[in-house]
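Chemist: Input file: run.csv. Contents: CSV, C-alpha atoms.
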```
chain,number,residue,atom,x,y,z
A,3,MET,CA,-21.6,13.6,24.6
A,4,THR,CA,-21.7,13.1,20.8
A,5,ASP,CA,-22.2,9.8,19.2
A,6,GLY,CA,-19.2,7.9,18.0
A,7,ARG,CA,-18.4,7.4,14.3
A,8,LEU,CA,-19.7,3.8,14.5
A,9,GLN,CA,-22.5,4.4,16.9
A,10,ASP,CA,-24.8,1.3,17.2
A,11,ARG,CA,-23.3,-0.5,14.3
A,12,THR,CA,-22.2,-4.1,14.5
A,13,ALA,CA,-18.7,-5.0,13.7
A,14,ILE,CA,-17.1,-8.4,13.3
A,15,VAL,CA,-13.3,-8.5,13.9
A,16,THR,CA,-11.6,-11.8,13.1
A,17,GLY,CA,-8.2,-12.4,14.6
A,18,GLY,CA,-9.6,-10.1,17.2
A,19,LEU,CA,-7.3,-11.1,20.0
A,20,GLY,CA,-4.0,-10.3,18.2
A,21,GLY,CA,-2.2,-7.0,17.8
A,22,ILE,CA,-4.1,-5.2,15.0
A,23,GLY,CA,-7.3,-7.1,15.6
A,24,LEU,CA,-7.4,-6.3,19.3
A,25,ALA,CA,-6.4,-2.6,18.8
A,26,THR,CA,-9.2,-2.3,16.2
A,27,ALA,CA,-11.8,-4.0,18.3
A,28,ARG,CA,-11.1,-1.6,21.1
A,29,ARG,CA,-11.1,1.4,18.8
A,30,PHE,CA,-14.4,0.3,17.2
A,31,ALA,CA,-16.0,0.0,20.7
A,32,GLU,CA,-14.7,3.5,21.6
A,33,GLU,CA,-16.6,4.8,18.6
A,34,GLY,CA,-19.9,3.2,19.7
A,35,ALA,CA,-19.8,-0.1,17.8
A,36,LYS,CA,-21.1,-3.4,19.1
A,37,VAL,CA,-18.1,-5.6,18.5
A,38,VAL,CA,-17.9,-9.3,17.9
A,39,VAL,CA,-14.4,-10.6,18.6
A,40,VAL,CA,-13.6,-13.7,16.7
A,41,ASP,CA,-10.6,-15.9,17.6
A,42,LEU,CA,-9.6,-19.2,19.1
A,43,ASP,CA,-8.5,-18.3,22.7
A,44,ASP,CA,-11.5,-18.9,24.9
A,45,ASP,CA,-9.6,-18.0,28.1
A,46,LYS,CA,-8.7,-14.5,26.7
A,47,GLY,CA,-11.7,-14.0,24.4
A,48,GLY,CA,-14.4,-13.7,27.0
A,49,SER,CA,-12.5,-11.2,29.2
A,50,VAL,CA,-11.6,-9.0,26.2
A,51,ALA,CA,-15.2,-8.9,24.9
A,52,GLU,CA,-16.4,-8.1,28.4
A,53,GLU,CA,-14.0,-5.2,28.6
A,54,PHE,CA,-16.1,-3.2,26.1
A,55,GLY,CA,-19.4,-5.0,26.4
A,56,GLY,CA,-19.0,-7.0,23.2
A,57,LEU,CA,-19.4,-10.6,22.2
A,58,TYR,CA,-16.7,-13.2,21.8
A,59,VAL,CA,-17.2,-16.1,19.4
A,60,ARG,CA,-14.8,-18.9,19.0
A,61,CYS,CA,-14.5,-19.7,15.3
A,62,ASP,CA,-12.0,-21.5,13.0
A,63,VAL,CA,-12.3,-19.1,10.1
A,64,THR,CA,-11.1,-21.7,7.7
A,65,ASP,CA,-14.2,-23.8,8.4
A,66,PRO,CA,-17.2,-22.8,6.3
A,67,GLU,CA,-19.8,-24.1,8.8
A,68,GLN,CA,-18.1,-22.3,11.7
A,69,VAL,CA,-18.0,-19.1,9.8
A,70,GLU,CA,-21.6,-19.2,8.8
A,71,ALA,CA,-22.5,-20.0,12.5
A,72,MET,CA,-20.4,-17.1,13.7
A,73,VAL,CA,-22.2,-14.6,11.4
A,74,ALA,CA,-25.6,-16.1,12.2
A,75,ARG,CA,-24.9,-15.6,15.9
A,76,THR,CA,-23.9,-12.0,15.3
A,77,VAL,CA,-27.1,-11.3,13.5
A,78,GLU,CA,-29.1,-13.1,16.1
A,79,THR,CA,-27.5,-11.1,18.9
A,80,TYR,CA,-27.3,-7.7,17.3
A,81,GLY,CA,-29.7,-7.7,14.3
A,82,THR,CA,-27.2,-6.5,11.7
A,83,VAL,CA,-23.7,-6.9,10.3
A,84,ASP,CA,-22.5,-3.4,9.3
A,85,ILE,CA,-18.7,-3.9,9.4
A,86,ALA,CA,-16.5,-6.9,8.8
A,87,PHE,CA,-12.8,-6.6,9.5
A,88,ASN,CA,-11.4,-9.9,8.1
A,89,ASN,CA,-8.0,-9.8,9.8
A,90,ALA,CA,-7.1,-13.3,10.8
A,91,GLY,CA,-3.8,-14.4,9.5
A,92,ILE,CA,-0.6,-16.3,10.2
A,93,SER,CA,3.1,-16.0,9.2
A,94,PRO,CA,4.8,-19.2,10.3
A,95,PRO,CA,8.6,-19.8,10.2
A,96,ASP,CA,8.3,-22.7,7.7
A,97,ASP,CA,6.9,-20.3,5.1
A,98,ASP,CA,10.1,-19.1,3.6
A,99,SER,CA,11.7,-19.0,0.2
A,100,ILE,CA,9.9,-21.0,-2.5
A,101,LEU,CA,13.0,-23.2,-2.6
A,102,GLU,CA,12.5,-24.3,1.0
A,103,THR,CA,8.7,-23.9,1.7
A,104,GLY,CA,6.9,-27.2,1.6
A,105,LEU,CA,3.4,-27.8,0.2
A,106,ASP,CA,1.9,-28.3,3.7
A,107,ALA,CA,3.2,-24.9,4.8
A,108,TRP,CA,2.0,-23.3,1.6
A,109,ARG,CA,-1.5,-24.7,2.0
A,110,ARG,CA,-1.8,-23.9,5.7
A,111,VAL,CA,-1.0,-20.2,5.1
A,112,GLN,CA,-3.3,-20.0,2.1
A,113,GLU,CA,-6.2,-21.4,4.1
A,114,VAL,CA,-5.8,-19.0,7.0
A,115,ASN,CA,-4.8,-15.9,5.1
A,116,LEU,CA,-6.9,-16.1,1.9
A,117,THR,CA,-9.6,-18.8,2.1
A,118,SER,CA,-10.8,-17.4,5.5
A,119,VAL,CA,-11.3,-14.0,3.9
A,120,TYR,CA,-13.3,-15.6,1.1
A,121,LEU,CA,-15.5,-17.5,3.6
A,122,CYS,CA,-16.1,-14.4,5.8
A,123,CYS,CA,-17.0,-12.2,2.9
A,124,LYS,CA,-19.3,-14.9,1.5
A,125,ALA,CA,-21.0,-15.2,4.8
A,126,VAL,CA,-21.6,-11.5,5.5
A,127,LEU,CA,-22.4,-10.2,2.0
A,128,PRO,CA,-26.0,-11.6,1.9
A,129,HIS,CA,-26.8,-9.8,5.2
A,130,MET,CA,-25.2,-6.5,3.9
A,131,ARG,CA,-27.1,-6.8,0.6
A,132,THR,CA,-30.4,-7.1,2.5
A,133,GLN,CA,-29.5,-4.1,4.6
A,134,GLY,CA,-28.4,-2.1,1.6
A,135,ARG,CA,-25.2,-1.1,3.3
A,136,GLY,CA,-21.9,-2.4,4.8
A,137,SER,CA,-18.2,-2.0,4.9
A,138,ILE,CA,-15.8,-4.9,4.5
A,139,ILE,CA,-12.1,-4.4,5.3
A,140,ASN,CA,-9.8,-7.2,4.4
A,141,THR,CA,-6.2,-7.3,5.7
A,142,ALA,CA,-3.7,-7.7,2.9
A,143,SER,CA,-0.2,-6.3,3.2
A,144,PHE,CA,2.4,-4.0,1.6
A,145,VAL,CA,3.9,-7.2,0.2
A,146,ALA,CA,0.8,-7.5,-2.0
A,147,VAL,CA,2.1,-4.6,-4.1
A,148,MET,CA,5.9,-5.2,-3.9
A,149,GLY,CA,8.4,-7.9,-3.3
A,150,ALA,CA,9.3,-8.7,0.3
A,151,ALA,CA,12.9,-8.2,1.5
A,152,THR,CA,12.6,-11.4,3.5
A,153,SER,CA,10.8,-14.1,1.4
A,154,GLN,CA,7.6,-15.6,2.8
A,155,ILE,CA,6.3,-17.1,-0.5
A,156,SER,CA,2.9,-18.3,0.7
A,157,TYR,CA,2.2,-15.2,2.9
A,158,THR,CA,3.0,-12.9,0.0
A,159,ALA,CA,0.9,-14.8,-2.5
A,160,SER,CA,-2.0,-15.0,0.0
A,161,LYS,CA,-2.0,-11.3,0.6
A,162,GLY,CA,-1.9,-10.7,-3.2
A,163,GLY,CA,-5.0,-12.8,-3.4
A,164,VAL,CA,-6.7,-10.8,-0.7
A,165,LEU,CA,-5.9,-7.6,-2.5
A,166,ALA,CA,-7.3,-8.9,-5.8
A,167,MET,CA,-10.4,-10.4,-4.3
A,168,SER,CA,-11.1,-7.1,-2.4
A,169,ARG,CA,-10.9,-5.1,-5.6
A,170,GLU,CA,-13.3,-7.4,-7.4
A,171,LEU,CA,-15.8,-7.4,-4.5
A,172,GLY,CA,-15.6,-3.7,-4.1
A,173,VAL,CA,-16.5,-3.2,-7.8
A,174,GLN,CA,-19.2,-5.9,-7.8
A,175,PHE,CA,-21.2,-4.6,-4.8
A,176,ALA,CA,-20.5,-0.9,-5.1
A,177,ARG,CA,-24.0,0.0,-6.3
A,178,GLU,CA,-25.6,-2.0,-3.5
A,179,GLY,CA,-24.2,0.3,-0.8
A,180,ILE,CA,-21.4,-2.1,0.2
A,181,ARG,CA,-17.8,-1.0,0.2
A,182,VAL,CA,-14.9,-3.5,0.2
A,183,ASN,CA,-11.3,-2.3,0.7
A,184,ALA,CA,-8.0,-4.0,1.2
A,185,LEU,CA,-5.9,-2.7,4.1
A,186,CYS,CA,-2.2,-3.0,3.3
A,187,PRO,CA,-0.1,-2.4,6.5
A,188,GLY,CA,3.6,-2.2,6.7
A,189,PRO,CA,5.4,-4.0,9.5
A,190,VAL,CA,3.6,-3.5,12.8
A,191,ASP,CA,5.0,-3.8,16.3
A,192,THR,CA,2.9,-6.8,17.4
A,193,PRO,CA,3.7,-9.9,19.5
A,194,LEU,CA,4.2,-11.8,16.2
A,195,LEU,CA,6.9,-9.4,15.0
A,196,ARG,CA,8.6,-9.3,18.4
A,197,GLU,CA,8.7,-13.1,18.3
A,198,LEU,CA,10.5,-12.9,15.0
A,199,PHE,CA,13.0,-10.5,16.4
A,200,ALA,CA,13.7,-12.9,19.2
A,201,LYS,CA,14.1,-15.8,16.9
A,202,ASP,CA,16.0,-14.2,14.1
A,203,PRO,CA,17.1,-10.6,14.9
A,204,GLU,CA,19.1,-10.2,11.6
A,205,ARG,CA,16.1,-11.1,9.4
A,206,ALA,CA,13.8,-8.9,11.5
A,207,ALA,CA,16.2,-6.0,11.4
A,208,ARG,CA,16.2,-6.1,7.5
A,209,ARG,CA,12.6,-5.1,7.6
A,210,LEU,CA,13.3,-2.0,9.6
A,211,VAL,CA,16.0,-0.6,7.2
A,212,HIS,CA,13.4,-0.3,4.4
A,213,ILE,CA,11.0,1.9,6.2
A,214,PRO,CA,11.4,5.6,5.5
A,215,MET,CA,9.9,6.6,8.8
A,216,GLY,CA,12.6,4.5,10.5
A,217,ARG,CA,10.2,2.6,12.8
A,218,PHE,CA,7.5,0.0,12.8
A,219,ALA,CA,3.8,1.0,13.0
A,220,GLU,CA,1.9,0.8,16.3
A,221,ALA,CA,-1.2,-1.4,16.2
A,222,ALA,CA,-3.3,1.6,17.2
A,223,GLU,CA,-2.1,3.4,14.1
A,224,ILE,CA,-3.4,0.6,11.9
A,225,ALA,CA,-6.6,0.5,13.9
A,226,ASN,CA,-7.2,4.2,13.1
A,227,ALA,CA,-6.9,3.4,9.4
A,228,VAL,CA,-9.4,0.5,9.8
A,229,LEU,CA,-11.8,2.9,11.6
A,230,PHE,CA,-11.6,5.3,8.8
A,231,LEU,CA,-12.5,2.6,6.2
A,232,ALA,CA,-15.3,1.3,8.4
A,233,SER,CA,-16.9,4.8,9.0
A,234,ASP,CA,-18.9,7.1,6.7
A,235,GLU,CA,-15.8,9.3,6.4
A,236,SER,CA,-14.7,6.9,3.7
A,237,SER,CA,-18.0,6.8,2.0
A,238,PHE,CA,-16.6,7.2,-1.6
A,239,ILE,CA,-13.7,4.7,-1.1
A,240,THR,CA,-14.1,1.2,-2.3
A,241,ALA,CA,-12.0,-1.4,-4.2
A,242,SER,CA,-9.0,0.5,-2.9
A,243,THR,CA,-5.5,-0.6,-2.0
A,244,PHE,CA,-5.2,1.3,1.3
A,245,LEU,CA,-1.5,1.4,2.2
A,246,VAL,CA,-0.5,2.2,5.7
A,247,ASP,CA,3.2,1.4,5.4
A,248,GLY,CA,5.3,4.3,6.6
A,249,GLY,CA,6.3,5.1,3.1
A,250,ILE,CA,7.8,1.7,2.1
A,251,SER,CA,6.0,1.3,-1.1
A,252,GLY,CA,6.9,4.8,-2.2
A,253,ALA,CA,10.6,4.5,-1.6
A,254,TYR,CA,13.3,3.6,-4.1
A,255,VAL,CA,16.2,4.1,-1.7
A,256,THR,CA,15.7,4.6,2.0
A,257,PRO,CA,17.9,7.4,3.5
A,258,LEU,CA,19.9,6.4,6.5
```
Please re-express this file's structure in structure tokens.
Modeler:
Amino acid sequence: MTDGRLQDRTAIVTGGLGGIGLATARRFAEEGAKVVVVDLDDDKGGSVAEEFGGLYVRCDVTDPEQVEAMVARTVETYGTVDIAFNNAGISPPDDDSILETGLDAWRRVQEVNLTSVYLCCKAVLPHMRTQGRGSIINTASFVAVMGAATSQISYTASKGGVLAMSRELGVQFAREGIRVNALCPGPVDTPLLRELFAKDPERAARRLVHIPMGRFAEAAEIANAVLFLASDESSFITASTFLVDGGISGAYVTPL
């Protein structure tokens, strides 16, 4: 049996119990990685990590001290941090049009979607610099490069921030062997999206009509893209806007 593409590397996955995060954690493990699943559901976290021999760490990724402790525990347990998939994010219903979204909702989304990425990058980068290698993948979105059909003003702004920050970090640390890329998924068939369909079918259906492929992505398809960015197969890719959106950003008019 040949080694996997991430054999014996240590990977942190935040939001590791959700759709994309969970699919990626499992995919990383299949390819030989030691996976640290980071989330807030203790009941589920332990069993998921046990499934593939990984480590579950409860961490509020908006809290600097908890993030530092999570990374320290990763290094203490496995010795390295080779991959960081900063994927935790929220899309609450009170984040809507700028005309209706309150400041509390704005700030909450920015903290989880943008500040957490800043904190996680800040915590892992010193270890990666010492190692002289590392791959950071930050979850942005296709709405970071184009306007959304259904407005979520803070979500869109937060993902634009993730994209810009990833580019800057990718450039800054490129000559130290550290790659930083922004993953920009289109709509994905996750529990969060299914909940949106249940609550507001009309709004959710508007998302589907703009996708040239005529369907939402499967979480496993996004996980495969993350795997590529985490592995040596993408060794000359950094500071990139890595779109996995079913053609949304390339379409002017979507054929029916």
Chemist: Would you list the contacts of range 54-63 of chain A as a PyMOL selection string, taking every protein, DNA or RNA residue within 10 Å and counting all atoms listed in the file, but skipping same-chain residues closer than 5 positions in sequence?
Modeler: chain A and resi 12-19+27-32+34-44+46-49+68-73+75-76+79-80+88+90-91+113-115+117-122
Chemist: Nearest to Ser153 in chain A: which of A:Val126, A:Leu101, A:Met167, A:Leu116 is it, counting only C-alpha atoms?
Modeler: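 Answer, going by the shortest atom-to-atom distance: A:Leu101.
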Chemist: For Met130 in chain A, find every residue with an atom within 8 Å (counting all atoms listed in the file), except residues of its own chain fewer than 4 positions away, and show them as a count of residues only.
Modeler: 7
Chemist: Env of Leu229 in chain A: 8 Å cut, atoms = only C-alpha atoms, seq-sep filter 2 positions within chain, self excluded. Answer as number ranges by chain.
Modeler: A: 26, 29-30, 225-227, 231-233
Chemist: Hey, which of A:Val50, A:Ile139, A:Ala159, A:Ala176 ends up closest to Asp97 in chain A? Count all atoms listed in the file.
Modeler: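 Using all atoms listed in the file, Asp97 in chain A sits closest to A:Ala159.
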Chemist: Please enclose the listed atoms of range 240-257 of chain A in an axis-aligned box, pad each side by 4 Å, and write out the centre and the three edge lengths in Å, rounded to one decimal, as JSON.
Modeler:
```
{"center_x": 1.9, "center_y": 3.0, "center_z": 1.2, "size_x": 40.0, "size_y": 16.8, "size_z": 18.8}
```
Chemist: In file coordinates, which residues lie within 9 Å of (1.1, -18.7, 0.7) using all atoms listed in the file, given as a VMD selection string?
Modeler: chain A and resid 97 107 to 113 115 to 116 154 to 161
Chemist: Please compute the CA of Ser99 in chain A-CA of Leu245 in chain A distance, one decimal, in Å.
Modeler: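 Going from CA of Ser99 in chain A over to CA of Leu245 in chain A, I get 24.4 Å.
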Chemist: Would you list the residues near (-12.2, -3.7, -7.5), meaning any protein, DNA or RNA residue with an atom at most 9 Å from that point in file coordinates, counting only C-alpha atoms, as a ChimeraX atom specification?
Modeler: /A:165-174,182-183,240-242
Chemist: Just the residues within 8 Å of range 210-224 of chain A, please, counting all atoms listed in the file, with nothing from its chain fewer than 5 positions along; format it as a list of chain:residue names.
Modeler: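 So, after excluding close chain neighbours, the residues are A:Gly21, A:Ile22, A:Ala25, A:Thr26, A:Arg29, A:Pro187, A:Gly188, A:Pro189, A:Val190, A:Asp191, A:Thr192, A:Val246, A:Asp247, A:Gly248, A:Gly249, A:Ile250, A:Ala253, A:Thr256, A:Pro257.
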Chemist: Taking all heavy atoms as the atom set, what does range 126-137 of chain A look like once completed, written as a CSV table (one decimal), in the frame of the given file?
Modeler:
```
chain,number,residue,atom,x,y,z
A,126,VAL,N,-21.0,-12.7,5.1
A,126,VAL,CA,-21.6,-11.5,5.5
A,126,VAL,C,-22.3,-10.7,4.4
A,126,VAL,O,-23.2,-10.0,4.6
A,126,VAL,CB,-20.6,-10.5,6.2
A,126,VAL,CG1,-19.9,-11.1,7.4
A,126,VAL,CG2,-19.5,-10.1,5.2
A,127,LEU,N,-21.9,-11.0,3.2
A,127,LEU,CA,-22.4,-10.2,2.0
A,127,LEU,C,-24.0,-10.4,1.9
A,127,LEU,O,-24.6,-9.4,1.6
A,127,LEU,CB,-21.7,-10.6,0.7
A,127,LEU,CG,-20.4,-9.9,0.5
A,127,LEU,CD1,-19.6,-10.5,-0.6
A,127,LEU,CD2,-20.7,-8.4,0.1
A,128,PRO,N,-24.6,-11.5,2.0
A,128,PRO,CA,-26.0,-11.6,1.9
A,128,PRO,C,-26.7,-10.7,2.9
A,128,PRO,O,-27.8,-10.1,2.6
A,128,PRO,CB,-26.3,-13.1,2.2
A,128,PRO,CG,-25.1,-13.8,1.8
A,128,PRO,CD,-24.0,-12.9,2.2
A,129,HIS,N,-26.2,-10.6,4.1
A,129,HIS,CA,-26.8,-9.8,5.2
A,129,HIS,C,-26.7,-8.3,4.8
A,129,HIS,O,-27.6,-7.5,4.9
A,129,HIS,CB,-26.2,-10.0,6.5
A,129,HIS,CG,-26.4,-11.4,7.0
A,129,HIS,ND1,-27.6,-11.9,7.5
A,129,HIS,CD2,-25.6,-12.5,7.0
A,129,HIS,CE1,-27.6,-13.1,7.9
A,129,HIS,NE2,-26.3,-13.6,7.6
A,130,MET,N,-25.5,-7.9,4.3
A,130,MET,CA,-25.2,-6.5,3.9
A,130,MET,C,-26.1,-6.2,2.7
A,130,MET,O,-26.6,-5.0,2.6
A,130,MET,CB,-23.8,-6.3,3.6
A,130,MET,CG,-22.9,-6.4,4.9
A,130,MET,SD,-21.1,-6.1,4.5
A,130,MET,CE,-20.5,-6.0,6.2
A,131,ARG,N,-26.3,-7.1,1.8
A,131,ARG,CA,-27.1,-6.8,0.6
A,131,ARG,C,-28.6,-6.6,1.1
A,131,ARG,O,-29.3,-5.7,0.5
A,131,ARG,CB,-27.1,-8.0,-0.4
A,131,ARG,CG,-25.7,-8.1,-1.0
A,131,ARG,CD,-25.7,-9.3,-2.0
A,131,ARG,NE,-26.4,-8.8,-3.2
A,131,ARG,CZ,-26.7,-9.7,-4.2
A,131,ARG,NH1,-26.6,-11.0,-4.1
A,131,ARG,NH2,-27.3,-9.2,-5.3
A,132,THR,N,-29.1,-7.3,2.0
A,132,THR,CA,-30.4,-7.1,2.5
A,132,THR,C,-30.5,-5.8,3.2
A,132,THR,O,-31.6,-5.1,3.0
A,132,THR,CB,-30.8,-8.2,3.5
A,132,THR,OG1,-30.7,-9.5,2.9
A,132,THR,CG2,-32.1,-8.0,4.1
A,133,GLN,N,-29.5,-5.4,3.9
A,133,GLN,CA,-29.5,-4.1,4.6
A,133,GLN,C,-29.3,-2.9,3.6
A,133,GLN,O,-29.8,-1.8,3.9
A,133,GLN,CB,-28.3,-4.0,5.6
A,133,GLN,CG,-28.4,-5.0,6.7
A,133,GLN,CD,-27.1,-5.2,7.5
A,133,GLN,OE1,-27.0,-6.1,8.3
A,133,GLN,NE2,-26.1,-4.4,7.1
A,134,GLY,N,-28.7,-3.2,2.5
A,134,GLY,CA,-28.4,-2.1,1.6
A,134,GLY,C,-27.2,-1.3,2.0
A,134,GLY,O,-27.0,-0.2,1.5
A,135,ARG,N,-26.3,-1.8,2.9
A,135,ARG,CA,-25.2,-1.1,3.3
A,135,ARG,C,-24.2,-2.1,4.0
A,135,ARG,O,-24.5,-3.2,4.4
A,135,ARG,CB,-25.5,0.0,4.3
A,135,ARG,CG,-26.0,-0.6,5.7
A,135,ARG,CD,-26.4,0.5,6.6
A,135,ARG,NE,-26.7,0.0,8.0
A,135,ARG,CZ,-27.8,-0.6,8.3
A,135,ARG,NH1,-28.8,-0.7,7.4
A,135,ARG,NH2,-28.0,-1.1,9.5
A,136,GLY,N,-22.9,-1.6,4.1
A,136,GLY,CA,-21.9,-2.4,4.8
A,136,GLY,C,-20.5,-2.0,4.3
A,136,GLY,O,-20.3,-1.4,3.3
A,137,SER,N,-19.6,-2.2,5.2
A,137,SER,CA,-18.2,-2.0,4.9
A,137,SER,C,-17.4,-3.2,5.3
A,137,SER,O,-17.4,-3.7,6.5
A,137,SER,CB,-17.7,-0.8,5.7
A,137,SER,OG,-16.3,-0.6,5.5
```
